[in-house]
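Reviewing the structure listed below.
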Amino acid sequence: MRALIIVNPVAGEQRPLSIATEAAEHLRRAHWHVDLTPTAHAGHATELARLRGDVDLLVVVGGDGTLRETVAGLDGDQTPVGFVPTGKANVMARELGIPRRPDAAIALLTSGAAAPIDVGTVDDRIFLAMVGIGYDGWVTAGVDAFRARGWGRWLYRHRGSTVLYVLAGIPALLRLWPSRVALEADGETIAGSYPSVIISNAATYAIGWQMTPGADVHDGQLDHQANRRSAPWFVAWTTVASMLKKRVPTVVAQYGRARSYRVSASSPFRWQVDGDSMPPATELEIGILPGRVRLIVPTETD
C-alpha cells in the first residue's frame, strides 16, 4: 500500500513538517510505503495531487486551503484522503469530527473510514465549506493586506490571527451598504438585494460557528444565509447567533437550500472561498458535486 503525504510547511501555528514526519512514521509502522512532499507555493498541492501516480491514500497536513487544493487535483478520483489539520480555523476537521490534536488525527489515518463528501463548485473553482460574498470577502481581503506587512505576518504566525480579523472586520462594515447582490436559487430569483451572502456546503463556519445551521456535506445540496441588513448592530446580531449556532429572524436574514445558485451585481463585489480572498467579480455560478471526494473520518466506535 502506498501513501503520499502533502504538507503545507507554513500552515497555521503548529509544526506542519514535524507533524507530517510523524504521520509518515505512523503509516510506515502500519506497513505503508510513504512519500512526503512539502508544498512550495499557492496551488502546488493541486499539482502534487494530479501527479500522485498510483497511490492508495493521500494525506494532507495543513489547513482548509491545502485540503481544498488537494481535492481539486484529484478531479473526482475516489482515492481516500486523510486530513491532519494544522490550519487556523480547521473548518472541515470540525465539521467531520476529525481530531484537531495532531496525534489523534494521525491515528485516525489507520483507524477511520473513507466517507463520500460533497464538493461545491464556484465557476472554475471548488470549495469544501463555503463561499462568502460581501462582508466575508472584504474581511479576508483586509486580512490578506495585513499579512503582506511584516507585523501582520508576525501576528498571524504567533496566535494573533483573531486580532487581524477584528481589524479587518471594522472597516468592512462601512463597505456593506453600497455593495448589494441579487440571488437566484435553482433558477428561481430570490426577491430582494443583499449586502452579504453565505452559501455553504458545511454547517461549520470559522472556529466552530454556524451561519447556516442544518447544512450537511452529505446531502447533495447547498444552504444559504442571505443577509438583508448591513448596519453594524445587525452584523453583530448575526455573528452572535452564529456563535450560538442559531438562526436570526427573517427580518435580518433569509435562509434556504438549493443545488445551484447564481449571484450577480451591477458593480464588482468582494468574495472568498473557504477563507481565501478572491478577485472581485460581478457574477458567480455556484453548484454542488455530490460525493465527489472520500475523506477519512471517525467511525462510530472511534
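Each chain in the C-alpha cells gets a letter, A, B and so on, in the order shown; residues start at 1 in every chain, and ligands are counted from 1 in the order they appear.
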
Discussion item. Give me the residues near Glu47 of chain A as an MDAnalysis selection string, where near means some atom within 9 Å (using only C-alpha atoms) and where sequence neighbours in that chain fewer than 3 positions away do not count.
Written reply: chainID A and resid 43:44 50:52 69:70 73

Worksheet entry | Within 8 Å of Tyr194 of chain A using only C-alpha atoms, minus same-chain residues under 4 positions, as a list in words |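 Selected residues are Arg180, Val181, Ala182, Ala226, Asn227, Arg228 and Arg229 of chain A.
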
Can you tell me which residues surround segment 245-255 of chain A at a distance of at most 10 Å, considering only C-alpha atoms, apart from same-chain residues fewer than 5 positions away, and format the answer as a short mmCIF file (atom, residue, chain, number, x, y, z; two decimals) with C-alpha atoms, in the first residue's frame?
```
data_model
loop_
_atom_site.label_atom_id
_atom_site.label_comp_id
_atom_site.auth_asym_id
_atom_site.auth_seq_id
_atom_site.Cartn_x
_atom_site.Cartn_y
_atom_site.Cartn_z
CA ILE A 190 -34.98 35.29 -4.58
CA TYR A 194 -28.32 41.57 -0.16
CA SER A 196 -23.72 39.83 2.18
CA VAL A 197 -24.46 36.20 1.41
CA ILE A 198 -23.04 32.91 2.69
CA ILE A 199 -23.51 29.81 0.52
CA ALA A 203 -22.68 23.82 8.64
CA THR A 204 -19.41 24.81 10.34
CA TYR A 205 -18.10 28.34 9.82
CA GLY A 208 -16.94 26.32 15.08
CA TRP A 209 -19.72 28.86 14.44
CA GLN A 210 -22.68 28.12 12.15
CA MET A 211 -24.02 30.67 9.68
CA THR A 212 -26.21 28.03 8.00
CA PRO A 213 -27.37 25.60 10.71
CA GLY A 214 -28.55 22.37 9.12
CA ASP A 223 -27.53 26.11 2.06
CA HIS A 224 -27.60 29.89 2.08
CA GLN A 225 -27.86 32.75 4.51
CA ALA A 226 -28.72 35.97 2.67
CA ASN A 227 -28.39 38.97 4.97
CA ARG A 228 -30.93 41.72 4.45
CA ARG A 229 -29.35 44.31 6.77
CA SER A 230 -25.94 45.99 6.75
CA PHE A 234 -27.37 43.63 12.60
CA VAL A 235 -23.95 42.23 11.67
CA TRP A 237 -26.59 40.08 15.87
CA THR A 238 -25.83 37.65 13.05
CA THR A 239 -22.35 37.00 14.44
CA VAL A 240 -23.59 36.24 17.94
#
```

Which polymer residues have any atom within 9 Å of an atom of Phe269 of chain A, counting only C-alpha atoms, with same-chain residues fewer than 4 positions away left out, as a compact mmCIF listing (two decimals) with C-alpha atoms, in the first residue's frame?
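See around20.txt below for the written result:
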```txt
# COMPACT_ATOMS: atom_id res chain seq x y z
CA ILE A 133 -19.93 37.24 -0.63
CA GLY A 134 -19.79 40.84 0.56
CA GLY A 137 -14.93 38.99 1.07
CA TRP A 138 -13.94 42.38 2.46
CA SER A 179 -22.38 46.64 -2.30
CA ARG A 180 -25.53 44.55 -2.83
CA VAL A 181 -26.08 41.39 -4.86
CA SER A 264 -24.86 38.84 -9.61
CA ALA A 265 -24.41 42.59 -9.22
CA PRO A 279 -10.58 38.77 -7.13
CA PRO A 280 -13.69 40.99 -7.34
CA ALA A 281 -16.49 39.64 -9.55
CA THR A 282 -19.89 40.71 -10.87
CA GLU A 283 -21.34 37.20 -11.29
```

Would you please give, as a short mmCIF file (atom, residue, chain, number, x, y, z; two decimals) with N, CA and C atoms, in the first residue's frame, all residues of segment 139-279 of chain A that DSSP assigns to strand (DSSP E) based on the backbone?
```
data_model
loop_
_atom_site.label_atom_id
_atom_site.label_comp_id
_atom_site.auth_asym_id
_atom_site.auth_seq_id
_atom_site.Cartn_x
_atom_site.Cartn_y
_atom_site.Cartn_z
N VAL A 181 -26.03 42.38 -3.78
CA VAL A 181 -26.08 41.39 -4.86
C VAL A 181 -27.48 40.83 -4.99
N ALA A 182 -27.79 40.34 -6.19
CA ALA A 182 -29.02 39.60 -6.44
C ALA A 182 -28.71 38.11 -6.37
N LEU A 183 -29.72 37.33 -6.01
CA LEU A 183 -29.50 35.91 -5.76
C LEU A 183 -30.58 35.08 -6.44
N GLU A 184 -30.14 34.03 -7.15
CA GLU A 184 -31.04 33.03 -7.73
C GLU A 184 -30.71 31.68 -7.14
N ALA A 185 -31.74 30.86 -6.85
CA ALA A 185 -31.55 29.52 -6.33
C ALA A 185 -32.32 28.54 -7.21
N GLU A 188 -34.59 30.11 -9.75
CA GLU A 188 -35.66 31.00 -9.30
C GLU A 188 -35.05 32.21 -8.59
N THR A 189 -35.50 33.40 -8.94
CA THR A 189 -35.00 34.62 -8.31
C THR A 189 -35.52 34.73 -6.88
N ILE A 190 -34.61 35.02 -5.97
CA ILE A 190 -34.98 35.29 -4.58
C ILE A 190 -35.16 36.80 -4.45
N ALA A 191 -36.35 37.22 -4.09
CA ALA A 191 -36.66 38.64 -4.07
C ALA A 191 -35.74 39.40 -3.11
N GLY A 192 -35.33 40.59 -3.53
CA GLY A 192 -34.52 41.44 -2.68
C GLY A 192 -33.09 41.55 -3.18
N SER A 193 -32.32 42.41 -2.51
CA SER A 193 -30.88 42.53 -2.77
C SER A 193 -30.18 42.48 -1.42
N TYR A 194 -28.95 41.96 -1.41
CA TYR A 194 -28.32 41.57 -0.16
C TYR A 194 -26.89 42.10 -0.06
N SER A 196 -24.63 40.96 2.00
CA SER A 196 -23.72 39.83 2.18
C SER A 196 -24.50 38.53 2.12
N VAL A 197 -23.84 37.51 1.59
CA VAL A 197 -24.46 36.20 1.41
C VAL A 197 -23.43 35.13 1.75
N ILE A 198 -23.86 34.09 2.45
CA ILE A 198 -23.04 32.91 2.69
C ILE A 198 -23.73 31.75 1.99
N ILE A 199 -23.00 31.02 1.15
CA ILE A 199 -23.51 29.81 0.52
C ILE A 199 -22.62 28.66 0.98
N SER A 200 -23.21 27.71 1.71
CA SER A 200 -22.43 26.73 2.44
C SER A 200 -22.69 25.31 1.98
N LEU A 222 -26.74 22.66 -1.23
CA LEU A 222 -26.08 23.79 -0.58
C LEU A 222 -27.11 24.56 0.23
N ASP A 223 -26.66 25.27 1.25
CA ASP A 223 -27.53 26.11 2.06
C ASP A 223 -27.07 27.56 1.97
N HIS A 224 -28.00 28.49 2.13
CA HIS A 224 -27.60 29.89 2.08
C HIS A 224 -28.15 30.68 3.26
N GLN A 225 -27.40 31.70 3.61
CA GLN A 225 -27.86 32.75 4.51
C GLN A 225 -27.67 34.06 3.74
N ALA A 226 -28.77 34.70 3.39
CA ALA A 226 -28.72 35.97 2.67
C ALA A 226 -29.12 37.08 3.63
N ASN A 227 -28.17 37.93 3.97
CA ASN A 227 -28.39 38.97 4.97
C ASN A 227 -29.07 40.19 4.36
N ALA A 253 -32.17 38.10 8.11
CA ALA A 253 -31.56 37.27 7.07
C ALA A 253 -32.54 36.21 6.61
N GLN A 254 -32.35 35.80 5.35
CA GLN A 254 -33.17 34.75 4.79
C GLN A 254 -32.34 33.49 4.62
N TYR A 255 -32.95 32.32 4.86
CA TYR A 255 -32.26 31.05 4.74
C TYR A 255 -32.95 30.19 3.69
N GLY A 256 -32.19 29.27 3.12
CA GLY A 256 -32.77 28.36 2.14
C GLY A 256 -31.77 27.31 1.71
N ARG A 257 -32.20 26.49 0.76
CA ARG A 257 -31.40 25.36 0.32
C ARG A 257 -31.64 25.13 -1.17
N ALA A 258 -30.60 24.81 -1.92
CA ALA A 258 -30.73 24.58 -3.35
C ALA A 258 -29.52 23.79 -3.85
N TYR A 261 -26.81 28.01 -7.46
CA TYR A 261 -27.04 29.44 -7.18
C TYR A 261 -26.37 30.28 -8.25
N ARG A 262 -26.95 31.44 -8.45
CA ARG A 262 -26.31 32.48 -9.26
C ARG A 262 -26.32 33.76 -8.45
N VAL A 263 -25.15 34.36 -8.30
CA VAL A 263 -25.01 35.63 -7.59
C VAL A 263 -24.57 36.67 -8.60
N SER A 264 -25.21 37.83 -8.62
CA SER A 264 -24.86 38.84 -9.61
C SER A 264 -25.03 40.23 -9.03
N ALA A 265 -24.32 41.19 -9.63
CA ALA A 265 -24.41 42.59 -9.22
C ALA A 265 -23.98 43.47 -10.38
N SER A 266 -24.41 44.72 -10.34
CA SER A 266 -24.06 45.64 -11.41
C SER A 266 -22.63 46.16 -11.27
N SER A 267 -22.07 46.09 -10.08
CA SER A 267 -20.69 46.51 -9.86
C SER A 267 -19.95 45.39 -9.13
N PRO A 268 -18.63 45.32 -9.24
CA PRO A 268 -17.88 44.20 -8.65
C PRO A 268 -18.05 44.11 -7.14
N PHE A 269 -18.15 42.88 -6.66
CA PHE A 269 -18.26 42.62 -5.22
C PHE A 269 -17.08 41.76 -4.77
N ARG A 270 -16.78 41.85 -3.49
CA ARG A 270 -15.73 41.03 -2.90
C ARG A 270 -16.30 39.67 -2.48
N TRP A 271 -15.46 38.65 -2.56
CA TRP A 271 -15.91 37.32 -2.14
C TRP A 271 -14.72 36.47 -1.73
N GLN A 272 -15.01 35.39 -1.01
CA GLN A 272 -13.96 34.49 -0.55
C GLN A 272 -14.42 33.04 -0.70
N VAL A 273 -13.45 32.13 -0.78
CA VAL A 273 -13.73 30.70 -0.86
C VAL A 273 -12.97 30.00 0.26
N ASP A 276 -10.27 32.04 1.73
CA ASP A 276 -9.26 32.62 0.85
C ASP A 276 -9.90 33.70 -0.01
N SER A 277 -9.31 34.90 0.00
CA SER A 277 -9.84 36.02 -0.76
C SER A 277 -9.71 35.78 -2.26
N MET A 278 -10.73 36.19 -3.01
CA MET A 278 -10.76 36.03 -4.46
C MET A 278 -10.86 37.40 -5.14
N PRO A 279 -10.46 37.49 -6.42
CA PRO A 279 -10.58 38.77 -7.13
C PRO A 279 -12.04 39.20 -7.24
#
```

Response to the item:
Residue with the minimum atom-to-atom distance to Pro195 of chain A, picked from A:Pro80, A:Gly53, A:Pro298, A:Gly132 with only C-alpha atoms counted, is A:Gly132

Discussion item. Need to verify the contact set: segment 17-33 of chain A, 8 Å, only C-alpha atoms, exclusion of same-chain residues closer than 6 positions in sequence. Can you return it as a ChimeraX atom specification?
Written reply: /A:1-3,5,7-9,61,102,106-107,109-110

Item to complete: Step one, run DSSP on the backbone; step two, keep only residues of segment 47-293 of chain A assigned to helix (DSSP H, G or I); then write them as JSON, numbers by chain.
Response: {"A": [47, 48, 49, 50, 64, 65, 66, 67, 68, 69, 70, 71, 72, 73, 74, 91, 92, 93, 94, 95, 96, 102, 103, 104, 105, 106, 107, 108, 109, 110, 111, 135, 136, 137, 138, 139, 140, 141, 142, 143, 144, 145, 146, 147, 150, 151, 152, 153, 154, 155, 156, 157, 161, 162, 163, 164, 165, 166, 167, 168, 169, 170, 171, 172, 173, 232, 233, 234, 235, 236, 237, 238, 239, 240, 241, 242, 243]}

Practice prompt. Tell me, as an NGL selection string, which residues lie within 12 Å of Val217 of chain A, counting only C-alpha atoms; anything in the same chain fewer than 6 positions away does not count.
Written response: :A and (92 or 95-96 or 115-120 or 127-130 or 200-204 or 223 or 288-295)

Practice prompt. For each of A:Ile286, A:Ala49, A:Ser242, A:Val59, take the minimum atom-to-atom distance to Gly76 of chain A, counting only C-alpha atoms, then give the residue where this is smallest.
Written response: A:Ala49

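Residue nearest Thr79 of chain A within the list A:Ala45, A:His218, A:Leu57, A:Gly275: A:Leu57 [criterion: smallest interatomic distance, only C-alpha atoms].
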
Worksheet item: When you draw a straight line from atom CA of Ala113 of chain A to atom CA of Asp35 of chain A, how long is it in Å?
Response: 21.2 Å
